[in-house]
Amino acid sequence: MSENHQASYLFSTRTSVVLSNKIAEYYGQSLGKINFQTFSDGEFEPVLDQSVRGGRVFLIGSTFPPADNLLELLLMIDAAKRASAKSITVVLPYFGLARQDRKDQPRAPIGAKLVANLLTAAGATRVMTMDLHADQIQGFFEIPVDHLYASTIFIDYILSNNIQDLTIASPDMGGAKRAKNYAGHLGADVVIAYKERKKANVIEDMFLIGEVKDRNVILIDDMIDTAGTLCKAAEIIMENGAISVRAMATHPVLSGNAYENIEKSKLLEVIVTDSIPIKNNLSSKIKVLSCAPLFADVMRMVHEHKSISNKFII
């Protein structure tokens, strides 16, 4: 079989199977079967239940906590490599440990680099992911990285809702570039919430840079963890005279009291993707847009050796 007609195979980790089934449906192919043997001490062994010899394997799985998700994916990569797959593309809708992208204090690890090393050492030949916490993580790999952006999903949603007097906001200085790119594409103004932290997940103070009076504001971020930053930013934005405030964040980590914080906040709605499974019915404000069509399209383009540049809106 020539490389242009190379067979493709899709497999999923157990915790990402709902999203993976959607991706497989859009891709036009069923997920391959994996047999999991679990030992009484918690050890597990994934075994691919079909031949993948000479084919292109797509392994789909977000590596959110616990660490078993990452280990399961690594074992699946190793299984595909030892089964003589010609190429192994790891599809990571959410790249776990991405917040550990630099050594910001003495004797700290760089977790994102470690994960990159592990994926490559296990046998991955390509990585496909979305909205990394820091763009430079792409440089941690010595294999091709397709870094997709949820902007292709969120921009359509914003335009379909025809929101007037629109202002795009970043909840922190680190997201200023992302907010500026959205605003430039939409012809909107930009404001920034400047925050000071005492420690991780604890905000000491926050100030608003820019004017939001009589504006409909959308906060743009790459992830929502405890939702403390977004809820605080929404409160300050409304205090400064905004008509409404929404939030858009790619990855719904939603740990701790996140659901409760969102429900009690000034946020009109919170739009996320399904890169991480969320708990249903815990907040009426959360709306989930699927990233499955985006990943399926790019996977097909990669498999058919086509350019994917038209998938990068921002």
# chains A, B, ... in the order shown; residues from 1 in each chain; ligands from 1
>>> select_by_dssp(residues="segment 213-269 of chain A", states="strand (DSSP E)", output="PyMOL selection string")
chain A and resi 216-224+244-252
>>> write_last_selection(atoms="all heavy atoms", output="CSV table (one decimal), in the first residue's frame")
chain,number,residue,atom,x,y,z
A,216,ASN,N,-20.6,45.3,25.6
A,216,ASN,CA,-20.7,43.9,25.9
A,216,ASN,C,-19.4,43.2,25.8
A,216,ASN,O,-18.7,43.2,24.7
A,216,ASN,CB,-21.7,43.2,24.9
A,216,ASN,CG,-23.1,43.7,25.1
A,216,ASN,OD1,-23.7,43.5,26.1
A,216,ASN,ND2,-23.7,44.4,24.1
A,217,VAL,N,-18.9,42.6,26.9
A,217,VAL,CA,-17.5,42.2,27.0
A,217,VAL,C,-17.4,40.7,27.0
A,217,VAL,O,-18.3,40.0,27.6
A,217,VAL,CB,-16.9,42.7,28.3
A,217,VAL,CG1,-15.5,42.3,28.5
A,217,VAL,CG2,-17.0,44.3,28.4
A,218,ILE,N,-16.4,40.2,26.3
A,218,ILE,CA,-16.1,38.8,26.3
A,218,ILE,C,-14.7,38.6,26.8
A,218,ILE,O,-13.8,39.1,26.2
A,218,ILE,CB,-16.3,38.1,24.9
A,218,ILE,CG1,-17.7,38.3,24.4
A,218,ILE,CG2,-15.9,36.7,24.9
A,218,ILE,CD1,-17.9,37.7,23.0
A,219,LEU,N,-14.6,37.9,27.9
A,219,LEU,CA,-13.3,37.5,28.4
A,219,LEU,C,-12.8,36.3,27.7
A,219,LEU,O,-13.5,35.3,27.5
A,219,LEU,CB,-13.4,37.2,29.9
A,219,LEU,CG,-13.5,38.4,30.9
A,219,LEU,CD1,-14.2,37.9,32.1
A,219,LEU,CD2,-12.1,38.9,31.2
A,220,ILE,N,-11.5,36.3,27.2
A,220,ILE,CA,-10.9,35.2,26.4
A,220,ILE,C,-9.8,34.6,27.2
A,220,ILE,O,-8.9,35.3,27.7
A,220,ILE,CB,-10.4,35.7,25.1
A,220,ILE,CG1,-11.5,36.3,24.3
A,220,ILE,CG2,-9.8,34.5,24.3
A,220,ILE,CD1,-12.5,35.4,23.7
A,221,ASP,N,-9.8,33.3,27.4
A,221,ASP,CA,-8.7,32.6,28.1
A,221,ASP,C,-8.4,31.2,27.6
A,221,ASP,O,-9.3,30.7,26.8
A,221,ASP,CB,-9.0,32.5,29.6
A,221,ASP,CG,-7.7,32.6,30.5
A,221,ASP,OD1,-6.6,32.5,30.0
A,221,ASP,OD2,-7.9,32.7,31.7
A,222,ASP,N,-7.3,30.6,27.9
A,222,ASP,CA,-7.0,29.3,27.4
A,222,ASP,C,-7.6,28.2,28.3
A,222,ASP,O,-7.9,27.1,27.8
A,222,ASP,CB,-5.5,29.1,27.2
A,222,ASP,CG,-4.8,29.1,28.6
A,222,ASP,OD1,-5.0,30.0,29.4
A,222,ASP,OD2,-4.0,28.2,28.8
A,223,MET,N,-7.8,28.5,29.6
A,223,MET,CA,-8.4,27.5,30.4
A,223,MET,C,-9.1,28.1,31.6
A,223,MET,O,-8.9,29.3,32.0
A,223,MET,CB,-7.4,26.5,30.9
A,223,MET,CG,-6.4,27.1,31.9
A,223,MET,SD,-5.3,25.9,32.7
A,223,MET,CE,-4.3,25.4,31.2
A,224,ILE,N,-10.1,27.4,32.2
A,224,ILE,CA,-10.7,27.8,33.4
A,224,ILE,C,-10.4,26.7,34.5
A,224,ILE,O,-10.7,25.5,34.3
A,224,ILE,CB,-12.2,27.9,33.3
A,224,ILE,CG1,-12.7,28.8,32.2
A,224,ILE,CG2,-12.8,28.3,34.6
A,224,ILE,CD1,-14.2,28.9,32.0
A,244,SER,N,-22.9,43.7,29.7
A,244,SER,CA,-22.8,42.2,30.0
A,244,SER,C,-21.4,41.7,29.9
A,244,SER,O,-20.5,42.4,29.3
A,244,SER,CB,-23.7,41.4,29.0
A,244,SER,OG,-23.1,41.5,27.7
A,245,VAL,N,-21.1,40.6,30.5
A,245,VAL,CA,-19.8,40.0,30.4
A,245,VAL,C,-19.9,38.5,30.2
A,245,VAL,O,-20.7,37.8,31.0
A,245,VAL,CB,-18.9,40.4,31.6
A,245,VAL,CG1,-19.5,40.0,32.9
A,245,VAL,CG2,-17.5,39.8,31.4
A,246,ARG,N,-19.3,38.0,29.2
A,246,ARG,CA,-19.2,36.5,29.0
A,246,ARG,C,-17.8,36.1,29.1
A,246,ARG,O,-16.9,36.9,29.1
A,246,ARG,CB,-19.8,36.2,27.6
A,246,ARG,CG,-21.2,36.5,27.3
A,246,ARG,CD,-21.5,36.3,25.9
A,246,ARG,NE,-22.9,36.4,25.5
A,246,ARG,CZ,-23.6,37.6,25.3
A,246,ARG,NH1,-22.9,38.7,25.4
A,246,ARG,NH2,-24.9,37.6,25.1
A,247,ALA,N,-17.6,34.8,29.2
A,247,ALA,CA,-16.2,34.2,29.2
A,247,ALA,C,-16.1,33.1,28.2
A,247,ALA,O,-17.1,32.3,28.0
A,247,ALA,CB,-15.8,33.7,30.5
A,248,MET,N,-15.0,33.0,27.5
A,248,MET,CA,-14.7,31.9,26.6
A,248,MET,C,-13.3,31.4,26.9
A,248,MET,O,-12.4,32.1,27.0
A,248,MET,CB,-14.7,32.4,25.1
A,248,MET,CG,-16.0,32.7,24.5
A,248,MET,SD,-15.9,33.1,22.8
A,248,MET,CE,-17.7,32.9,22.3
A,249,ALA,N,-13.3,30.1,27.2
A,249,ALA,CA,-12.1,29.4,27.6
A,249,ALA,C,-12.0,28.1,27.0
A,249,ALA,O,-13.0,27.3,27.0
A,249,ALA,CB,-11.9,29.4,29.1
A,250,THR,N,-10.9,27.7,26.4
A,250,THR,CA,-10.8,26.5,25.6
A,250,THR,C,-11.0,25.2,26.5
A,250,THR,O,-11.8,24.3,26.2
A,250,THR,CB,-9.5,26.4,24.9
A,250,THR,OG1,-9.3,27.6,24.1
A,250,THR,CG2,-9.4,25.2,24.0
A,251,HIS,N,-10.2,25.2,27.6
A,251,HIS,CA,-10.1,24.0,28.4
A,251,HIS,C,-10.9,24.1,29.8
A,251,HIS,O,-10.4,24.9,30.6
A,251,HIS,CB,-8.7,23.6,28.7
A,251,HIS,CG,-7.9,23.5,27.4
A,251,HIS,ND1,-8.1,22.6,26.4
A,251,HIS,CD2,-6.8,24.2,27.0
A,251,HIS,CE1,-7.2,22.8,25.4
A,251,HIS,NE2,-6.4,23.8,25.8
A,252,PRO,N,-12.0,23.4,30.0
A,252,PRO,CA,-12.7,23.5,31.2
A,252,PRO,C,-12.1,22.6,32.3
A,252,PRO,O,-12.7,21.5,32.6
A,252,PRO,CB,-14.1,23.0,30.8
A,252,PRO,CG,-13.9,22.0,29.7
A,252,PRO,CD,-12.6,22.5,29.0
>>> residues_around(residues="segment 51-66 of chain A", least_positions_apart="5", cutoff="9 Å", atoms="only C-alpha atoms", output="VMD selection string")
chain A and resid 1 3 6 to 17 19 to 20 71 73 76 to 77 80 83 to 97 253 275 to 276 299 303
>>> closest_residue(among="A:Ala124, A:Ala233, A:Ala112, A:Leu208", to="Lys81 of chain A", atoms="only C-alpha atoms")
A:Ala124
>>> atom_distance(atom1="atom CA of Asp297 of chain A", atom2="atom CA of Pro144 of chain A")
17.4 Å
>>> residues_around(residues="segment 176-191 of chain A", least_positions_apart="6", cutoff="7 Å", atoms="only C-alpha atoms", output="PyMOL selection string")
chain A and resi 166-170+209-211+220+314
>>> write_last_selection(atoms="all heavy atoms", output="compact mmCIF listing (two decimals), in the first residue's frame")
# COMPACT_ATOMS: atom_id res chain seq x y z
N LEU A 166 -19.16 45.37 21.04
CA LEU A 166 -18.33 44.29 21.56
C LEU A 166 -16.95 44.76 21.99
O LEU A 166 -16.30 45.53 21.27
CB LEU A 166 -18.20 43.19 20.51
CG LEU A 166 -17.35 41.96 20.86
CD1 LEU A 166 -17.98 41.19 22.03
CD2 LEU A 166 -17.21 41.05 19.65
N THR A 167 -16.51 44.31 23.15
CA THR A 167 -15.15 44.52 23.62
C THR A 167 -14.58 43.18 24.06
O THR A 167 -15.26 42.40 24.74
CB THR A 167 -15.11 45.50 24.80
OG1 THR A 167 -15.46 46.81 24.34
CG2 THR A 167 -13.71 45.58 25.42
N ILE A 168 -13.36 42.89 23.64
CA ILE A 168 -12.68 41.65 24.04
C ILE A 168 -11.76 41.96 25.22
O ILE A 168 -11.05 42.97 25.22
CB ILE A 168 -11.85 41.08 22.87
CG1 ILE A 168 -12.75 40.77 21.68
CG2 ILE A 168 -11.10 39.83 23.31
CD1 ILE A 168 -13.82 39.72 21.95
N ALA A 169 -11.78 41.10 26.21
CA ALA A 169 -10.98 41.32 27.41
C ALA A 169 -10.08 40.13 27.70
O ALA A 169 -10.45 38.98 27.44
CB ALA A 169 -11.89 41.58 28.62
N SER A 170 -8.90 40.42 28.25
CA SER A 170 -8.03 39.37 28.76
C SER A 170 -8.08 39.41 30.28
O SER A 170 -7.98 40.48 30.88
CB SER A 170 -6.59 39.59 28.29
OG SER A 170 -5.72 38.69 28.97
N ILE A 209 -7.59 47.67 32.89
CA ILE A 209 -6.91 48.61 32.00
C ILE A 209 -7.75 48.73 30.74
O ILE A 209 -7.83 47.81 29.93
CB ILE A 209 -5.49 48.11 31.64
CG1 ILE A 209 -4.66 47.88 32.90
CG2 ILE A 209 -4.81 49.09 30.70
CD1 ILE A 209 -3.33 47.21 32.64
N GLY A 210 -8.42 49.87 30.57
CA GLY A 210 -9.28 50.07 29.42
C GLY A 210 -10.69 50.46 29.83
O GLY A 210 -11.05 50.43 31.01
N GLU A 211 -11.51 50.79 28.85
CA GLU A 211 -12.86 51.29 29.07
C GLU A 211 -13.91 50.26 28.64
O GLU A 211 -13.84 49.72 27.54
CB GLU A 211 -13.07 52.59 28.28
CG GLU A 211 -14.44 53.22 28.43
CD GLU A 211 -14.76 53.59 29.87
OE1 GLU A 211 -13.95 54.30 30.49
OE2 GLU A 211 -15.82 53.17 30.35
N ILE A 220 -11.51 36.30 27.20
CA ILE A 220 -10.92 35.20 26.45
C ILE A 220 -9.76 34.61 27.25
O ILE A 220 -8.88 35.34 27.70
CB ILE A 220 -10.39 35.67 25.07
CG1 ILE A 220 -11.51 36.33 24.25
CG2 ILE A 220 -9.76 34.52 24.32
CD1 ILE A 220 -12.54 35.38 23.75
N ILE A 314 -6.69 32.53 14.04
CA ILE A 314 -5.93 33.46 14.90
C ILE A 314 -4.71 32.71 15.44
O ILE A 314 -4.86 31.65 16.02
CB ILE A 314 -6.79 33.96 16.06
CG1 ILE A 314 -7.96 34.80 15.54
CG2 ILE A 314 -5.97 34.79 17.02
CD1 ILE A 314 -8.90 35.29 16.60
>>> closest_residue(among="A:Phe36, A:Tyr259, A:Phe295, A:Phe140", to="Ala24 of chain A", atoms="only C-alpha atoms")
A:Phe295
>>> atom_distance(atom1="atom CA of Lys22 of chain A", atom2="atom CA of Phe154 of chain A")
18.4 Å
>>> residues_around(residues="Ser309 of chain A", least_positions_apart="5", cutoff="12 Å", atoms="only C-alpha atoms", output="PyMOL selection string")
chain A and resi 146-149+152+297-298+301-302+314
>>> write_last_selection(atoms="all heavy atoms", output="PDB file, in the first residue's frame")
ATOM      1  N   ASP A 146       1.216  20.042  15.569  1.00  0.00           N
ATOM      2  CA  ASP A 146       0.123  20.814  14.991  1.00  0.00           C
ATOM      3  C   ASP A 146      -0.609  21.497  16.146  1.00  0.00           C
ATOM      4  O   ASP A 146      -1.341  20.852  16.898  1.00  0.00           O
ATOM      5  CB  ASP A 146      -0.847  19.912  14.224  1.00  0.00           C
ATOM      6  CG  ASP A 146      -0.168  19.206  13.060  1.00  0.00           C
ATOM      7  OD1 ASP A 146       0.536  19.894  12.299  1.00  0.00           O
ATOM      8  OD2 ASP A 146      -0.350  17.985  12.920  1.00  0.00           O
ATOM      9  N   HIS A 147      -0.369  22.792  16.308  1.00  0.00           N
ATOM     10  CA  HIS A 147      -0.964  23.548  17.420  1.00  0.00           C
ATOM     11  C   HIS A 147      -2.208  24.265  16.915  1.00  0.00           C
ATOM     12  O   HIS A 147      -2.119  25.303  16.264  1.00  0.00           O
ATOM     13  CB  HIS A 147       0.056  24.542  17.983  1.00  0.00           C
ATOM     14  CG  HIS A 147      -0.447  25.289  19.181  1.00  0.00           C
ATOM     15  ND1 HIS A 147       0.045  26.520  19.553  1.00  0.00           N
ATOM     16  CD2 HIS A 147      -1.403  24.981  20.084  1.00  0.00           C
ATOM     17  CE1 HIS A 147      -0.581  26.929  20.650  1.00  0.00           C
ATOM     18  NE2 HIS A 147      -1.473  26.015  20.975  1.00  0.00           N
ATOM     19  N   LEU A 148      -3.372  23.712  17.226  1.00  0.00           N
ATOM     20  CA  LEU A 148      -4.640  24.270  16.762  1.00  0.00           C
ATOM     21  C   LEU A 148      -5.167  25.301  17.756  1.00  0.00           C
ATOM     22  O   LEU A 148      -4.732  25.343  18.907  1.00  0.00           O
ATOM     23  CB  LEU A 148      -5.664  23.148  16.571  1.00  0.00           C
ATOM     24  CG  LEU A 148      -5.193  21.949  15.747  1.00  0.00           C
ATOM     25  CD1 LEU A 148      -6.306  20.931  15.616  1.00  0.00           C
ATOM     26  CD2 LEU A 148      -4.693  22.392  14.380  1.00  0.00           C
ATOM     27  N   TYR A 149      -6.108  26.108  17.297  1.00  0.00           N
ATOM     28  CA  TYR A 149      -6.665  27.170  18.135  1.00  0.00           C
ATOM     29  C   TYR A 149      -8.188  27.076  18.162  1.00  0.00           C
ATOM     30  O   TYR A 149      -8.825  26.917  17.123  1.00  0.00           O
ATOM     31  CB  TYR A 149      -6.236  28.545  17.621  1.00  0.00           C
ATOM     32  CG  TYR A 149      -4.749  28.776  17.687  1.00  0.00           C
ATOM     33  CD1 TYR A 149      -3.948  28.493  16.585  1.00  0.00           C
ATOM     34  CD2 TYR A 149      -4.141  29.251  18.850  1.00  0.00           C
ATOM     35  CE1 TYR A 149      -2.571  28.688  16.636  1.00  0.00           C
ATOM     36  CE2 TYR A 149      -2.778  29.447  18.908  1.00  0.00           C
ATOM     37  CZ  TYR A 149      -1.995  29.161  17.799  1.00  0.00           C
ATOM     38  OH  TYR A 149      -0.638  29.349  17.854  1.00  0.00           O
ATOM     39  N   THR A 152     -11.091  29.134  15.970  1.00  0.00           N
ATOM     40  CA  THR A 152     -11.874  28.697  14.812  1.00  0.00           C
ATOM     41  C   THR A 152     -13.290  28.287  15.225  1.00  0.00           C
ATOM     42  O   THR A 152     -14.210  28.320  14.412  1.00  0.00           O
ATOM     43  CB  THR A 152     -11.199  27.513  14.103  1.00  0.00           C
ATOM     44  OG1 THR A 152     -11.039  26.442  15.034  1.00  0.00           O
ATOM     45  CG2 THR A 152      -9.832  27.890  13.576  1.00  0.00           C
ATOM     46  N   ASP A 297     -11.121  17.191  11.044  1.00  0.00           N
ATOM     47  CA  ASP A 297     -10.711  17.795   9.776  1.00  0.00           C
ATOM     48  C   ASP A 297      -9.188  17.822   9.649  1.00  0.00           C
ATOM     49  O   ASP A 297      -8.637  17.486   8.587  1.00  0.00           O
ATOM     50  CB  ASP A 297     -11.254  19.225   9.662  1.00  0.00           C
ATOM     51  CG  ASP A 297     -12.734  19.257   9.336  1.00  0.00           C
ATOM     52  OD1 ASP A 297     -13.291  18.191   8.989  1.00  0.00           O
ATOM     53  OD2 ASP A 297     -13.339  20.341   9.432  1.00  0.00           O
ATOM     54  N   VAL A 298      -8.512  18.244  10.723  1.00  0.00           N
ATOM     55  CA  VAL A 298      -7.053  18.347  10.664  1.00  0.00           C
ATOM     56  C   VAL A 298      -6.425  16.956  10.583  1.00  0.00           C
ATOM     57  O   VAL A 298      -5.445  16.744   9.855  1.00  0.00           O
ATOM     58  CB  VAL A 298      -6.512  19.132  11.872  1.00  0.00           C
ATOM     59  CG1 VAL A 298      -4.988  19.138  11.878  1.00  0.00           C
ATOM     60  CG2 VAL A 298      -7.034  20.567  11.840  1.00  0.00           C
ATOM     61  N   MET A 301      -6.696  15.882   7.037  1.00  0.00           N
ATOM     62  CA  MET A 301      -5.740  16.616   6.197  1.00  0.00           C
ATOM     63  C   MET A 301      -4.322  16.102   6.373  1.00  0.00           C
ATOM     64  O   MET A 301      -3.578  15.953   5.400  1.00  0.00           O
ATOM     65  CB  MET A 301      -5.804  18.111   6.530  1.00  0.00           C
ATOM     66  CG  MET A 301      -7.074  18.797   6.094  1.00  0.00           C
ATOM     67  SD  MET A 301      -7.141  20.505   6.691  1.00  0.00           S
ATOM     68  CE  MET A 301      -8.685  21.056   5.989  1.00  0.00           C
ATOM     69  N   VAL A 302      -3.954  15.827   7.619  1.00  0.00           N
ATOM     70  CA  VAL A 302      -2.622  15.286   7.900  1.00  0.00           C
ATOM     71  C   VAL A 302      -2.473  13.917   7.238  1.00  0.00           C
ATOM     72  O   VAL A 302      -1.447  13.613   6.616  1.00  0.00           O
ATOM     73  CB  VAL A 302      -2.382  15.189   9.415  1.00  0.00           C
ATOM     74  CG1 VAL A 302      -1.157  14.330   9.723  1.00  0.00           C
ATOM     75  CG2 VAL A 302      -2.206  16.583  10.014  1.00  0.00           C
ATOM     76  N   ILE A 314      -6.689  32.530  14.042  1.00  0.00           N
ATOM     77  CA  ILE A 314      -5.929  33.458  14.896  1.00  0.00           C
ATOM     78  C   ILE A 314      -4.709  32.714  15.439  1.00  0.00           C
ATOM     79  O   ILE A 314      -4.862  31.654  16.023  1.00  0.00           O
ATOM     80  CB  ILE A 314      -6.787  33.958  16.064  1.00  0.00           C
ATOM     81  CG1 ILE A 314      -7.965  34.805  15.543  1.00  0.00           C
ATOM     82  CG2 ILE A 314      -5.972  34.785  17.022  1.00  0.00           C
ATOM     83  CD1 ILE A 314      -8.900  35.285  16.595  1.00  0.00           C
TER      84      ILE A 314
END
>>> residues_around(residues="segment 239-243 of chain A", least_positions_apart="6", cutoff="6 Å", atoms="only C-alpha atoms", output="list in words")
Val212, Lys213, Asp214, Arg215 and Asn216 of chain A
>>> residues_around(residues="Ser283 of chain A", least_positions_apart="3", cutoff="10 Å", atoms="only C-alpha atoms", output="PyMOL selection string")
chain A and resi 258-264+269-270+279-280+286-287
>>> select_by_dssp(residues="segment 117-295 of chain A", states="alpha helix (DSSP H)", output="ChimeraX atom specification")
/A:117-122,151-161,176-186,228-239,258-264,292-295
>>> atom_distance(atom1="atom CA of Leu114 of chain A", atom2="atom CA of Leu254 of chain A")
24.0 Å
